[in-house]
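Source file: final-v2.cif. Holds: mmCIF, C-alpha atoms and all ligand atoms.
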data_model
#
loop_
_atom_site.label_atom_id
_atom_site.label_comp_id
_atom_site.auth_asym_id
_atom_site.auth_seq_id
_atom_site.Cartn_x
_atom_site.Cartn_y
_atom_site.Cartn_z
CA MET A 1 -22.67 -14.59 3.32
CA PRO A 2 -19.78 -12.29 2.25
CA ASP A 3 -16.77 -14.25 1.03
CA VAL A 4 -13.09 -13.26 1.08
CA PHE A 5 -13.46 -10.99 -1.95
CA ALA A 6 -16.19 -8.85 -0.36
CA ASP A 7 -13.66 -6.28 0.89
CA LEU A 8 -12.49 -5.47 -2.63
CA VAL A 9 -14.46 -2.35 -3.34
CA GLY A 10 -15.47 -1.60 -6.94
CA GLN A 11 -13.11 -4.20 -8.51
CA ASP A 12 -15.50 -6.52 -10.32
CA GLU A 13 -13.14 -7.43 -13.14
CA ALA A 14 -10.21 -8.29 -10.87
CA VAL A 15 -12.46 -10.33 -8.59
CA ALA A 16 -13.79 -12.32 -11.56
CA THR A 17 -10.19 -13.12 -12.65
CA LEU A 18 -9.22 -14.21 -9.14
CA ARG A 19 -12.31 -16.39 -8.70
CA ARG A 20 -11.53 -18.16 -11.99
CA ALA A 21 -7.92 -18.64 -10.91
CA ALA A 22 -8.91 -20.04 -7.52
CA ALA A 23 -11.24 -22.52 -9.20
CA ALA A 24 -8.48 -23.49 -11.65
CA ALA A 25 -6.04 -23.93 -8.78
CA ALA A 26 -8.48 -26.26 -7.05
CA ALA A 27 -8.80 -28.23 -10.31
CA VAL A 28 -5.00 -28.48 -10.57
CA ARG A 29 -4.91 -29.97 -7.09
CA ARG A 30 -7.63 -32.49 -7.87
CA HIS A 31 -5.91 -33.61 -11.09
CA ALA A 32 -2.52 -33.68 -9.40
CA ALA A 33 -3.90 -36.33 -7.05
CA ASP A 34 -4.03 -38.69 -10.08
CA GLN A 35 -1.14 -37.15 -12.01
CA PRO A 36 1.52 -36.00 -9.59
CA ALA A 37 3.69 -34.55 -12.39
CA LEU A 38 1.10 -31.95 -13.32
CA ALA A 39 2.27 -28.46 -12.47
CA LEU A 40 1.00 -24.96 -13.13
CA THR A 41 0.99 -23.50 -16.61
CA PRO A 42 3.75 -20.91 -16.74
CA THR A 43 2.67 -17.41 -17.69
CA GLY A 44 3.02 -16.83 -21.41
CA SER A 45 2.55 -20.46 -22.51
CA ALA A 46 -0.54 -21.43 -24.42
CA GLY A 47 -2.32 -23.53 -21.80
CA GLY A 48 -5.07 -25.13 -23.91
CA ALA A 49 -8.68 -25.53 -22.91
CA ALA A 50 -8.07 -29.10 -21.78
CA ASP A 51 -5.50 -27.87 -19.25
CA PRO A 52 -7.23 -27.75 -15.88
CA GLY A 53 -4.77 -25.12 -14.63
CA ALA A 54 -5.22 -22.67 -17.51
CA GLY A 55 -6.68 -19.94 -15.29
CA MET A 56 -3.98 -20.26 -12.66
CA THR A 57 -0.29 -19.38 -12.59
CA HIS A 58 2.41 -19.24 -9.94
CA ALA A 59 3.29 -15.56 -9.93
CA TRP A 60 0.99 -12.54 -9.80
CA ILE A 61 1.35 -8.79 -9.52
CA PHE A 62 -1.46 -6.68 -8.08
CA THR A 63 -1.18 -3.08 -9.25
CA GLY A 64 -3.21 0.02 -8.54
CA PRO A 65 -3.12 3.41 -6.86
CA PRO A 66 -2.66 3.57 -3.07
CA GLY A 67 -5.82 2.50 -1.28
CA SER A 68 -7.25 0.62 -4.25
CA GLY A 69 -6.81 -2.59 -2.27
CA ARG A 70 -3.67 -4.25 -3.68
CA SER A 71 -2.82 -6.06 -0.47
CA VAL A 72 -6.49 -6.75 0.30
CA ALA A 73 -6.76 -8.46 -3.10
CA ALA A 74 -3.55 -10.46 -2.58
CA ARG A 75 -4.65 -11.65 0.85
CA ALA A 76 -8.13 -12.56 -0.37
CA PHE A 77 -6.64 -14.56 -3.23
CA ALA A 78 -4.25 -16.30 -0.81
CA ALA A 79 -7.26 -17.24 1.32
CA ALA A 80 -9.13 -18.58 -1.71
CA LEU A 81 -6.10 -20.77 -2.55
CA GLN A 82 -6.12 -22.19 0.99
CA CYS A 83 -9.92 -22.48 1.18
CA ALA A 84 -11.34 -25.93 1.94
CA TYR A 85 -13.91 -25.38 -0.85
CA GLY A 86 -11.50 -23.70 -3.27
CA THR A 87 -13.70 -20.60 -3.48
CA GLY A 88 -12.62 -18.32 -0.64
CA CYS A 89 -15.79 -18.96 1.39
CA GLY A 90 -14.56 -16.79 4.25
CA GLU A 91 -15.77 -19.31 6.82
CA CYS A 92 -13.50 -22.38 6.74
CA PRO A 93 -10.25 -22.60 8.77
CA GLY A 94 -8.14 -22.14 5.61
CA CYS A 95 -9.82 -18.83 4.77
CA HIS A 96 -9.94 -17.70 8.36
CA THR A 97 -6.30 -18.38 9.28
CA THR A 98 -5.07 -16.79 6.05
CA LEU A 99 -6.99 -13.58 6.68
CA THR A 100 -5.86 -13.39 10.31
CA GLY A 101 -2.24 -14.03 9.28
CA THR A 102 -1.76 -17.35 11.09
CA HIS A 103 -1.89 -19.87 8.21
CA ALA A 104 1.25 -22.02 8.25
CA ASP A 105 1.62 -21.95 4.46
CA VAL A 106 1.08 -18.22 3.89
CA ARG A 107 4.00 -15.84 4.36
CA LEU A 108 3.36 -12.16 4.41
CA VAL A 109 6.12 -9.61 3.86
CA VAL A 110 5.12 -6.16 5.06
CA PRO A 111 8.13 -3.88 4.82
CA GLU A 112 8.33 -1.43 7.69
CA GLY A 113 11.39 0.41 6.45
CA LEU A 114 12.21 1.93 3.12
CA SER A 115 13.24 -1.30 1.44
CA ILE A 116 13.10 -5.09 1.64
CA GLY A 117 16.62 -6.50 1.96
CA VAL A 118 18.26 -9.48 0.33
CA ASN A 119 18.65 -11.56 3.51
CA GLU A 120 14.98 -11.31 4.31
CA MET A 121 14.13 -12.30 0.74
CA ARG A 122 16.53 -15.27 0.64
CA ALA A 123 15.13 -16.68 3.89
CA LEU A 124 11.62 -16.24 2.57
CA VAL A 125 12.31 -17.92 -0.76
CA LEU A 126 13.93 -20.84 1.01
CA ARG A 127 10.96 -21.42 3.31
CA ALA A 128 8.51 -21.00 0.47
CA ALA A 129 10.11 -23.91 -1.40
CA SER A 130 9.01 -26.46 1.20
CA THR A 131 5.99 -28.69 0.73
CA PRO A 132 2.81 -27.01 1.95
CA SER A 133 1.92 -28.45 5.34
CA GLY A 134 -1.80 -28.15 4.62
CA GLY A 135 -1.45 -30.00 1.30
CA ARG A 136 -2.56 -27.01 -0.80
CA TRP A 137 -0.17 -24.17 -1.71
CA GLN A 138 2.74 -22.28 -0.26
CA VAL A 139 1.76 -18.66 -0.74
CA VAL A 140 4.15 -15.72 -0.43
CA VAL A 141 2.55 -12.27 -0.33
CA ILE A 142 4.94 -9.36 -0.82
CA GLU A 143 3.34 -6.01 -0.06
CA ASP A 144 5.13 -3.04 -1.59
CA ALA A 145 7.25 -5.14 -3.93
CA ASP A 146 8.42 -1.79 -5.34
CA ARG A 147 10.50 -1.45 -2.17
CA LEU A 148 12.64 -4.51 -2.92
CA THR A 149 16.36 -3.79 -3.08
CA GLU A 150 17.97 -4.82 -6.36
CA ALA A 151 19.65 -7.82 -4.71
CA ALA A 152 16.37 -8.87 -3.08
CA GLY A 153 14.64 -8.55 -6.43
CA ASN A 154 17.21 -10.87 -7.98
CA ALA A 155 16.73 -13.45 -5.23
CA LEU A 156 12.98 -13.30 -5.83
CA LEU A 157 13.41 -13.52 -9.60
CA LYS A 158 15.38 -16.76 -9.27
CA ALA A 159 12.53 -18.30 -7.29
CA ILE A 160 9.92 -17.08 -9.77
CA GLU A 161 11.95 -18.37 -12.72
CA GLU A 162 12.21 -21.85 -11.27
CA PRO A 163 9.20 -22.08 -9.05
CA PRO A 164 8.68 -25.04 -6.75
CA PRO A 165 5.55 -26.87 -8.01
CA ARG A 166 3.28 -25.76 -5.19
CA THR A 167 4.47 -22.24 -4.50
CA VAL A 168 2.55 -19.11 -5.49
CA PHE A 169 4.01 -15.59 -5.33
CA LEU A 170 1.67 -12.61 -4.96
CA LEU A 171 3.36 -9.23 -5.37
CA CYS A 172 1.81 -5.82 -4.79
CA ALA A 173 3.14 -2.66 -6.48
CA PRO A 174 1.75 0.72 -7.57
CA SER A 175 2.30 -0.12 -11.25
CA THR A 176 4.30 -2.32 -13.60
CA HIS A 177 6.57 0.60 -14.50
CA PRO A 178 10.25 -0.51 -14.39
CA ASP A 179 10.77 1.91 -11.47
CA ASP A 180 8.33 -0.18 -9.44
CA ILE A 181 9.04 -3.70 -10.59
CA SER A 182 11.87 -5.07 -12.71
CA VAL A 183 11.03 -5.95 -16.29
CA THR A 184 12.23 -9.52 -15.83
CA ILE A 185 10.03 -10.14 -12.79
CA ARG A 186 7.11 -8.50 -14.56
CA SER A 187 7.54 -10.80 -17.57
CA ARG A 188 7.07 -13.85 -15.35
CA CYS A 189 3.93 -12.63 -13.63
CA ARG A 190 0.29 -12.25 -14.49
CA VAL A 191 -0.89 -8.72 -13.73
CA VAL A 192 -4.15 -7.93 -11.93
CA PRO A 193 -4.80 -4.19 -12.35
CA LEU A 194 -6.99 -2.61 -9.70
CA ARG A 195 -8.65 0.72 -10.36
CA GLN A 196 -9.34 3.63 -8.06
CA PRO A 197 -12.73 2.66 -6.65
CA PRO A 198 -15.51 5.21 -7.30
CA ALA A 199 -16.49 7.33 -4.30
CA THR A 200 -20.01 5.92 -4.32
CA ALA A 201 -18.68 2.36 -3.89
CA VAL A 202 -16.38 3.45 -1.05
CA ALA A 203 -19.22 5.30 0.69
CA GLU A 204 -21.44 2.24 0.41
CA VAL A 205 -18.84 0.10 2.17
CA LEU A 206 -18.44 2.65 4.97
CA VAL A 207 -22.19 2.68 5.52
CA GLN A 208 -22.79 -1.05 5.29
CA ARG A 209 -19.71 -2.49 6.91
CA ASP A 210 -18.65 0.24 9.31
CA GLY A 211 -22.05 1.63 10.24
CA ILE A 212 -21.06 5.19 9.34
CA ALA A 213 -23.84 7.73 8.65
CA PRO A 214 -24.49 8.09 4.88
CA ASP A 215 -23.72 11.84 4.68
CA VAL A 216 -20.42 11.45 6.58
CA ALA A 217 -19.55 8.39 4.46
CA GLN A 218 -20.16 10.30 1.23
CA TRP A 219 -18.06 13.26 2.31
CA ALA A 220 -15.19 11.02 3.53
CA ALA A 221 -15.23 8.83 0.40
CA ALA A 222 -14.93 11.88 -1.86
CA ALA A 223 -12.27 13.54 0.30
CA ALA A 224 -10.19 10.34 0.39
CA GLN A 225 -10.16 10.12 -3.43
CA GLY A 226 -10.92 6.43 -3.61
CA HIS A 227 -8.63 5.37 -0.76
CA VAL A 228 -10.81 3.08 1.34
CA GLY A 229 -8.64 3.05 4.49
CA ARG A 230 -8.18 6.80 4.39
CA ALA A 231 -11.93 7.34 3.97
CA ARG A 232 -12.60 5.15 7.00
CA ARG A 233 -10.07 7.13 9.08
CA LEU A 234 -11.50 10.48 8.02
CA ALA A 235 -14.98 9.32 8.92
CA ARG A 236 -13.96 8.04 12.34
CA ASP A 237 -10.90 9.90 13.60
CA PRO A 238 -11.29 13.58 14.55
CA GLU A 239 -7.48 13.97 14.61
CA ALA A 240 -7.25 12.86 10.97
CA ARG A 241 -9.95 15.42 10.08
CA LYS A 242 -8.07 18.17 11.92
CA ARG A 243 -4.85 17.37 10.04
CA ARG A 244 -6.71 17.47 6.75
CA ASP A 245 -8.28 20.84 7.63
CA ALA A 246 -4.82 22.24 8.37
CA VAL A 247 -3.51 21.07 4.99
CA LEU A 248 -6.47 22.54 3.11
CA ALA A 249 -5.90 25.87 4.88
CA VAL A 250 -2.50 26.15 3.15
CA PRO A 251 -3.69 27.77 -0.14
CA ARG A 252 -5.25 30.78 1.61
CA ARG A 253 -2.28 31.21 3.94
CA LEU A 254 0.20 31.74 1.10
CA THR A 255 0.40 35.53 1.18
CA GLY A 256 4.15 36.03 0.72
CA VAL A 257 7.60 34.44 0.78
CA GLY A 258 7.71 34.32 4.57
CA ALA A 259 4.26 32.75 4.73
CA ALA A 260 5.32 30.16 2.14
CA PHE A 261 8.28 29.09 4.28
CA ASP A 262 6.07 29.05 7.39
CA ALA A 263 3.55 26.86 5.58
CA ALA A 264 6.35 24.49 4.53
CA SER A 265 7.59 24.19 8.12
CA ALA A 266 4.07 23.60 9.42
CA LEU A 267 3.44 20.86 6.86
CA ILE A 268 6.73 19.06 7.60
CA GLU A 269 6.28 19.33 11.36
CA ALA A 270 2.70 18.07 11.20
CA ALA A 271 3.88 15.02 9.22
CA GLU A 272 6.63 14.41 11.76
CA ALA A 273 4.22 14.63 14.69
CA GLU A 274 1.74 12.32 13.00
CA ALA A 275 4.45 9.80 12.21
CA GLU A 276 5.88 9.93 15.71
CA ALA A 277 2.48 9.27 17.23
CA SER A 278 1.94 6.32 14.90
CA VAL A 279 5.22 4.52 15.70
CA ALA A 280 5.90 5.57 19.32
CA GLU A 281 3.86 2.82 20.90
CA ALA A 282 5.35 0.04 18.76
CA ASP A 283 8.88 1.39 19.37
CA ALA A 284 8.50 1.39 23.15
CA SER A 285 6.97 -2.08 23.37
CA GLU A 286 9.59 -3.58 21.00
CA ARG A 287 12.40 -2.11 23.07
CA ALA A 288 10.87 -3.35 26.34
CA ALA A 289 10.39 -6.83 24.87
CA LEU A 290 13.99 -6.96 23.65
CA GLU A 291 15.36 -5.75 26.99
CA THR A 292 13.34 -8.38 28.82
CA ALA A 293 14.54 -11.07 26.43
CA LEU A 294 18.15 -10.00 26.93
CA GLY A 295 17.72 -10.07 30.72
CA ALA A 296 18.98 -6.67 31.80
CA GLY A 297 21.72 -6.75 34.46
CA GLY A 298 23.15 -10.29 34.10
CA THR A 299 26.38 -11.22 35.94
CA GLY A 300 28.84 -14.09 35.99
CA ARG A 301 30.52 -16.12 33.31
CA GLY A 302 29.55 -15.07 29.79
CA ALA A 303 27.87 -11.88 30.94
CA ALA A 304 30.42 -9.64 29.19
CA GLY A 305 29.86 -11.43 25.87
CA ALA A 306 26.12 -11.31 26.36
CA ILE A 307 26.27 -7.55 26.93
CA ARG A 308 28.27 -7.08 23.73
CA GLY A 309 25.67 -9.15 21.86
CA ALA A 310 22.86 -7.22 23.48
CA ALA A 311 24.33 -3.88 22.40
CA GLY A 312 24.38 -5.14 18.81
CA GLN A 313 20.78 -6.27 18.98
CA LEU A 314 19.65 -2.97 20.44
CA LYS A 315 21.51 -1.16 17.69
CA ASP A 316 19.78 -3.32 15.06
CA LEU A 317 16.42 -2.57 16.62
CA GLU A 318 17.11 1.17 16.67
CA LYS A 319 18.11 1.04 13.01
CA ARG A 320 14.89 -0.76 12.07
CA GLN A 321 12.83 1.68 14.10
CA LYS A 322 14.51 4.68 12.52
CA SER A 323 13.82 3.31 9.06
CA ARG A 324 10.18 2.72 9.99
CA ALA A 325 9.85 6.26 11.38
CA THR A 326 11.23 7.72 8.15
CA ARG A 327 8.73 5.68 6.15
CA ALA A 328 5.86 6.80 8.40
CA GLN A 329 6.90 10.44 7.98
CA ARG A 330 6.99 10.15 4.22
CA ASP A 331 3.62 8.41 4.18
CA ALA A 332 2.08 11.16 6.35
CA LEU A 333 3.57 13.87 4.17
CA ASP A 334 2.36 12.10 1.04
CA ARG A 335 -1.20 11.97 2.38
CA ALA A 336 -1.03 15.73 2.98
CA LEU A 337 0.25 16.32 -0.57
CA VAL A 338 -2.54 14.19 -2.03
CA ASP A 339 -5.10 16.31 -0.14
CA LEU A 340 -3.47 19.48 -1.40
CA ALA A 341 -3.37 18.15 -4.98
CA GLY A 342 -7.11 17.47 -4.64
CA PHE A 343 -7.71 21.14 -3.84
CA TYR A 344 -5.90 22.40 -6.95
CA ARG A 345 -7.54 19.71 -9.05
CA ASP A 346 -10.91 21.09 -7.87
CA ALA A 347 -9.82 24.61 -8.86
CA LEU A 348 -8.78 23.29 -12.27
CA THR A 349 -12.04 21.40 -12.94
CA ILE A 350 -14.07 24.42 -11.84
CA ALA A 351 -12.04 26.70 -14.14
CA LEU A 352 -12.64 24.25 -17.01
CA ARG A 353 -16.32 23.88 -16.05
CA ALA A 354 -15.79 20.11 -16.14
CA PRO A 355 -18.92 18.23 -15.06
CA VAL A 356 -17.25 16.31 -12.19
CA GLU A 357 -17.81 16.27 -8.45
CA PRO A 358 -15.21 18.14 -6.38
CA VAL A 359 -12.74 16.08 -4.30
CA HIS A 360 -13.14 18.33 -1.28
CA THR A 361 -16.76 19.44 -1.05
CA ASP A 362 -16.00 21.52 2.07
CA THR A 363 -13.42 23.72 0.31
CA ALA A 364 -15.14 23.82 -3.09
CA ALA A 365 -16.07 27.49 -2.65
CA LEU A 366 -12.46 28.38 -1.92
CA ALA A 367 -11.31 26.36 -4.95
CA GLY A 368 -13.90 28.27 -6.98
CA ALA A 369 -12.41 31.58 -5.85
CA GLY A 370 -8.97 30.29 -6.82
CA ALA A 371 -10.28 29.22 -10.22
CA GLN A 372 -11.46 32.77 -10.90
CA LYS A 373 -8.21 34.32 -9.81
CA TRP A 374 -5.81 31.88 -11.48
CA ASP A 375 -7.73 30.60 -14.51
CA ALA A 376 -7.28 27.01 -15.67
CA GLU A 377 -3.62 27.47 -16.54
CA GLY A 378 -2.69 28.87 -13.15
CA ALA A 379 -4.59 26.09 -11.37
CA LEU A 380 -2.83 23.49 -13.52
CA ARG A 381 0.60 24.99 -12.75
CA ARG A 382 -0.17 24.76 -9.03
CA LEU A 383 -1.43 21.21 -9.32
CA GLU A 384 1.77 20.32 -11.16
CA ALA A 385 3.86 21.95 -8.41
CA VAL A 386 2.26 19.62 -5.84
CA LEU A 387 2.76 16.55 -8.04
CA GLN A 388 6.38 17.54 -8.69
CA CYS A 389 6.95 17.79 -4.95
CA ARG A 390 5.64 14.24 -4.50
CA ALA A 391 7.87 12.99 -7.30
CA ALA A 392 10.91 14.78 -5.85
CA ILE A 393 10.41 13.23 -2.41
CA GLU A 394 9.93 9.83 -4.02
CA ALA A 395 13.29 10.42 -5.76
CA ASN A 396 14.89 11.09 -2.35
CA VAL A 397 15.05 14.88 -2.40
CA LYS A 398 15.03 16.08 1.22
CA PRO A 399 11.33 16.59 2.09
CA ARG A 400 11.85 20.09 3.56
CA ILE A 401 13.60 21.32 0.42
CA ALA A 402 10.95 19.83 -1.88
CA VAL A 403 8.08 21.24 0.18
CA GLU A 404 9.65 24.72 0.38
CA ALA A 405 10.10 24.78 -3.39
CA MET A 406 6.48 23.69 -3.80
CA MET A 407 5.11 26.37 -1.44
CA LEU A 408 7.03 29.08 -3.28
CA ALA A 409 5.68 27.79 -6.61
CA LEU A 410 2.14 27.75 -5.19
CA TRP A 411 2.50 31.32 -3.95
CA ARG A 412 4.04 32.67 -7.16
CA GLY A 413 1.73 30.55 -9.33
ZN ZN B 1 -12.91 -21.14 2.79
#

For this file, write the structure as C-alpha cells.
Ligand SMILES: [Zn+2]
Amino acid sequence: MPDVFADLVGQDEAVATLRRAAAAAAAVRRHAADQPALALTPTGSAGGAADPGAGMTHAWIFTGPPGSGRSVAARAFAAALQCAYGTGCGECPGCHTTLTGTHADVRLVVPEGLSIGVNEMRALVLRAASTPSGGRWQVVVIEDADRLTEAAGNALLKAIEEPPPRTVFLLCAPSTHPDDISVTIRSRCRVVPLRQPPATAVAEVLVQRDGIAPDVAQWAAAAAQGHVGRARRLARDPEARKRRDAVLAVPRRLTGVGAAFDAASALIEAAEAEAEASVAEADASERAALETALGAGGTGRGAAGAIRGAAGQLKDLEKRQKSRATRAQRDALDRALVDLAGFYRDALTIALRAPVEPVHTDTAALAGAGAQKWDAEGALRRLEAVLQCRAAIEANVKPRIAVEAMMLALWRG
C-alpha cells in the first residue's frame, strides 16, 4: 500500500530522513506521556543517542528546484506527524485529513500574491501556539517561504526561536540562499534538500499513477525537466502542449530586430492569456460569493455604513486578485523561459558533444542546427541571455523590458 511519501519522486534520501524524524516524533510523544517536561531537541544541540527525539526538531526547511516536490514533502511529513501509527500510513484519519487539508492541527499557508504579509503571519503564529486538539502536533506549513515580507519573516523567527512545545514549522523555499530565507531563520531549521528528480523516475510515476502511455510519459518527463506537475500537464493538456510549441518556435523566428520585438510581444501576451485563464474562474466566484455575503441592495438603518464597509471589502478583494494575477503571469512567463532555456541548453550540449539526453527531443534537430551555426560559445551566450532574463524579472524588472532585451540578445547572439 503506498504511504504518504509515495508521491515524492526520486527523493530516497529525503524520504529516509523524514521517516526517521516521524518515528522520533512518535517516540517523543510516547515518552512525554510519562515525562511531560520533555520537549524537542533544538537544532544544533547535541541530542545524544539516549534522547528519543534526536531525529526530530521543531523547524524544517524543504529546498529544491521548482517541481522537485517541496510542498509535497512538507505535506507528507505533516501527515506522518499526525498519523495514528506515527509512520504516515496514508490510510488513517490523521493522514487522510492532513493530505486533504482539513486536519484541525495543520495550517497551510499558500501565498496567492507576491508576498506573505505580517498580519497573516502573526495570526498564524498565534493559532499555532495553542495545544493540538488531536493530542499530537500543531503543524504550520509555509509554501514559498521565500515570499515572506521582512516583517512577516521576523514574526515567524520569533515563533521559531521560542517554539511552543508541540508546534512544528515546515517551510518551503527554492534554496537556503539569504535571498530566499533569512540567515537567522535558516540557522534555526533543519534543511531537507530535494533534488531535481530524474526524467525516468518522473515518467514512471506518470505511467503508474496517472495511466499515461509510456512513450508520452517519457517525452513529457524530459520536456518538463524534472518538474512532476508540469510533466503531468504536458502529457494531459493539449493547450499546455500548444503553448510550449509556440515558445520553442521562437529561436527560428528571430530573423531581425522587428522579429525580435514581435517575439517578445507574443511571449508576454501568451503568458498574460494563460494567467488570465487560470485565475478568471476563481476571481468571478470569489466576487459573487462576497457580493452575496454583503447582501447587495440593502436599505434601512445602517445600510449606508454597510455600503461603505462593502466598498472596502470589494477593494480588498480586487487588490488580492490583482496580486494573484500578477503572480500567475510571472509563473506562466517563467515556465516559457525555462522551456526556452532547455532549447539552448540542448544546443550547447550538442555543440560540446556531451553524452546527455536532450531536454526537448522534438526540437533536438533544430538545436543541432543551432549548435553548428553558433558553436558552443554562441549557444552558451544565448542560454545565459535566457537565464539573465529570468533573474531580471525575479529582481522586479518589468517583464516586457527584460524579454525584449533577451530576444535582441538571442537574435544578435
Ligand atoms: Zn496514518

Next item on the list: Report as an NGL selection string which protein, DNA and RNA residues come within 7 Å of ligand ZN 1 (chain B), using only C-alpha atoms and all ligand atoms.
Entry: :A and (80 or 83-95)

Next item on the list: Give me, please, the distance in Å between atom CA of A:Ala273 and atom CA of A:Glu143, quoted to one decimal.
Entry: 25.4 Å

Polymer residues at most 10 Å from A:Arg190, only C-alpha atoms, same-chain spacing of 2 or more positions, as a PDB file with C-alpha atoms, in the frame of the given file:
ATOM      1  CA  PRO A  42       3.750 -20.910 -16.740  1.00  0.00           C
ATOM      2  CA  THR A  43       2.670 -17.410 -17.690  1.00  0.00           C
ATOM      3  CA  GLY A  44       3.020 -16.830 -21.410  1.00  0.00           C
ATOM      4  CA  MET A  56      -3.980 -20.260 -12.660  1.00  0.00           C
ATOM      5  CA  THR A  57      -0.290 -19.380 -12.590  1.00  0.00           C
ATOM      6  CA  HIS A  58       2.410 -19.240  -9.940  1.00  0.00           C
ATOM      7  CA  ALA A  59       3.290 -15.560  -9.930  1.00  0.00           C
ATOM      8  CA  TRP A  60       0.990 -12.540  -9.800  1.00  0.00           C
ATOM      9  CA  ILE A  61       1.350  -8.790  -9.520  1.00  0.00           C
ATOM     10  CA  PHE A  62      -1.460  -6.680  -8.080  1.00  0.00           C
ATOM     11  CA  LEU A 170       1.670 -12.610  -4.960  1.00  0.00           C
ATOM     12  CA  ARG A 186       7.110  -8.500 -14.560  1.00  0.00           C
ATOM     13  CA  SER A 187       7.540 -10.800 -17.570  1.00  0.00           C
ATOM     14  CA  ARG A 188       7.070 -13.850 -15.350  1.00  0.00           C
ATOM     15  CA  VAL A 192      -4.150  -7.930 -11.930  1.00  0.00           C
ATOM     16  CA  PRO A 193      -4.800  -4.190 -12.350  1.00  0.00           C
TER      17      PRO A 193
END

Next item on the list: Quick one: everything within 8 Å of stretch 237-247 of chain A, counting only C-alpha atoms, minus sequence neighbours fewer than 5 positions away in the same chain. Send it as a ChimeraX atom specification.
Entry: /A:267,270,336,339-340

May I have the selected residues written with C-alpha atoms, as an mmCIF file, in the coordinates of the input?
data_model
loop_
_atom_site.group_PDB
_atom_site.id
_atom_site.type_symbol
_atom_site.label_atom_id
_atom_site.label_comp_id
_atom_site.auth_asym_id
_atom_site.auth_seq_id
_atom_site.Cartn_x
_atom_site.Cartn_y
_atom_site.Cartn_z
ATOM 1 C CA LEU A 267 3.440 20.860 6.860
ATOM 2 C CA ALA A 270 2.700 18.070 11.200
ATOM 3 C CA ALA A 336 -1.030 15.730 2.980
ATOM 4 C CA ASP A 339 -5.100 16.310 -0.140
ATOM 5 C CA LEU A 340 -3.470 19.480 -1.400
#

Margin query: With all atoms listed in the file as the counted atoms, please give the residues lying no more than 9 Å from A:Phe77, apart from itself and same-chain residues fewer than 2 positions off, as a ChimeraX atom specification.
Written below: /A:4-5,15,18-19,21-22,72-75,79-82,88,170

Please produce, as a Markdown table, a per-residue contact table for stretch 50-76 of chain A versus stretch 218-233 of chain A (criterion: any atom at most 7 Å away, all atoms listed in the file considered), showing the nearest atom pair and its distance in Å to one decimal, sorted by chain then residue number.
| residue | atom | partner | partner_atom | distance |
| --- | --- | --- | --- | --- |
| A:Pro66 | CA | A:His227 | CA | 6.6 |
| A:Gly67 | CA | A:His227 | CA | 4.1 |
| A:Ser68 | CA | A:His227 | CA | 6.1 |

Next item on the list: Extract, using only C-alpha atoms, all DNA, RNA and protein residues at most 9 Å from A:Arg345, discarding same-chain residues fewer than 5 positions from it, and format them as a PyMOL selection string.
Entry: chain A and resi 340+350+358-359+367+379-380+382-383

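The spacing separating atom CA of A:Ala54 from atom CA of A:Leu99 amounts to 25.9 Å.
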
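Around the coordinate (-15.8, -2.9, -6.6), residues that reach within 12 Å when counting only C-alpha atoms are Phe5, Ala6, Asp7, Leu8, Val9, Gly10, Gln11, Asp12, Glu13, Ala14, Val15, Ala16, Ser68, Gly69, Ala73, Leu194, Arg195, Gln196, Pro197, Pro198, Ala199, Thr200, Ala201, Val202, Ala203, Glu204, Val205, Gly226 and Val228 of chain A.
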
Checklist line | Nearest to A:Asp346, chosen from A:Ala325, A:Ala25, A:Ala369, A:Glu291, with all atoms listed in the file counted in the distances | finding: A:Ala369

Item checked: Selection: 8 Å around A:Arg390, all atoms listed in the file, excl. self and same-chain fewer than 4 positions, as JSON, numbers by chain -> {"A": [334, 337, 386, 394]}

Notebook entry, point to check: atom CA of A:Pro399 to atom CA of A:Ala284: how many Å, to one decimal?
Noted result: 26.1 Å

Quick one: residues within 6 Å of (8.6, -11.1, 0.9) (file frame), counting only C-alpha atoms, please, as a compact mmCIF listing (two decimals) with C-alpha atoms, in the frame of the given file.
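Wrote point.txt, looks like this:
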# COMPACT_ATOMS: atom_id res chain seq x y z
CA VAL A 109 6.12 -9.61 3.86
CA MET A 121 14.13 -12.30 0.74
CA ILE A 142 4.94 -9.36 -0.82

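With all atoms listed in the file as the atoms that count, the residue of A:Thr361, A:Ala173, A:Ala128, A:Ala310 with the shortest distance to A:Asp215 is A:Thr361.
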
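Among the candidates A:Ala277, A:Ala217, A:Leu254, A:Ala155, the one nearest to A:Leu410 when counting only C-alpha atoms is A:Leu254.
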